[in-house]
Amino acid sequence: MAEPADRSAELAGALARVRERIAAAAAGRKGPAPELIVVTKFHPASDIRLLAALGVRDVGESRDQEASAKAAELEGLGLRWHFIGQLQKNKAKSVVRYAHSVHSVDRASLVDALGKAMAAEQQASGRPDLACFIQVDLQDGGGEGRGGASPAGVAALADRIAGTPGLALAGVMAVAPLGADPDAAFSRLAGISRDLRLSHPAATAISAGMSQDLEQAVAHGATHLRVGSDVLGARPPVR
Ligand SMILES: *Cc1c(COP(=O)(O)O)cnc(C)c1O
């Protein structure tokens, strides 16, 4: 393992390169700059501590057990935790203790579980509403199953989130299907976002774009980018 000073310099360099790519991609675009969420899954809490010292505030995690442990260890650093992985209903109660947002809301039963968990959590801690992104499956016919609601199911899910106290409908999220043209995928997501805003004008967020395709996502209006490996390097193998 690298010395902390070396690792910090490495992270600082990678972070600067990613920020430059985002700035270049967003040059000339109207509206606020896209927000960078650094995806820290499988990387140690020590890396997140270094990132926080480098000014990173938003981090993304995909597994509750790992995320809740890191959030507890790093409490007090002012980090905002974004849950981006497939979420089981029975983890809702745990996730709402630390998560600022969930980017992977993809079914009615999960909306209900998050609503119930938030009711209890807000009574106990007074925490603000949970920002919810509807994950859309852009892979026609399900395919590899990277998760997500069908595009046709977005409207009903949006109404359900908007009608649930404690949940705030932020917008949509998607992962470009493997092997497909990210440009076409994010263009489609932009259309789904436009449709959604006809009935939910405040749901303006578009969470799209990872290390490989952040430029295409920005070109299609992404407001939140989820970038992991180009900041932190290759992920250690899944345990
Ligand atoms: C892991 C992950 C990312 C980050 O991917 P990189 O290719 O490492 O940038 C983004 N979004 C989701 C949903 C992920 O699971």
# chains A, B, ... in the order shown; residues from 1 in each chain; ligands from 1

$ residues_around --residues "Ala5 of chain A" --least-positions-apart "5" --cutoff "12 Å" --atoms "only C-alpha atoms" --output "mmCIF file with C-alpha atoms, in the first residue's frame"
data_model
loop_
_atom_site.group_PDB
_atom_site.id
_atom_site.type_symbol
_atom_site.label_atom_id
_atom_site.label_comp_id
_atom_site.auth_asym_id
_atom_site.auth_seq_id
_atom_site.Cartn_x
_atom_site.Cartn_y
_atom_site.Cartn_z
ATOM 1 C CA GLU A 10 -2.028 10.354 -6.680
ATOM 2 C CA LEU A 11 -5.661 11.062 -5.790
ATOM 3 C CA ALA A 12 -5.148 14.815 -6.164
ATOM 4 C CA SER A 46 -8.524 5.920 4.391
ATOM 5 C CA ASP A 47 -8.880 6.928 0.712
ATOM 6 C CA LEU A 50 -7.763 11.778 1.839
ATOM 7 C CA ALA A 53 -9.061 16.653 2.659
#

$ residues_near_ligand --ligand "ligand 1" --cutoff "7 Å" --atoms "only C-alpha atoms and all ligand atoms" --output "NGL selection string"
:A and (39 or 41 or 62 or 84-85 or 175 or 210-212 or 226-230)

$ closest_residue --among "A:Gln123, A:Ala108, A:Arg188, A:Ala71" --to "Pro44 of chain A" --atoms "only C-alpha atoms"
A:Ala71

$ closest_residue --among "A:Leu167, A:Ala99, A:Leu87, A:Ala24" --to "Asp58 of chain A" --atoms "only C-alpha atoms"
A:Ala99

$ closest_residue --among "A:Leu225, A:Val18, A:Ala162, A:Ile37" --to "Ala203 of chain A" --atoms "only C-alpha atoms"
A:Ala162

$ atom_distance --atom1 "atom CA of Ile48 of chain A" --atom2 "atom CA of His100 of chain A"
16.4 Å
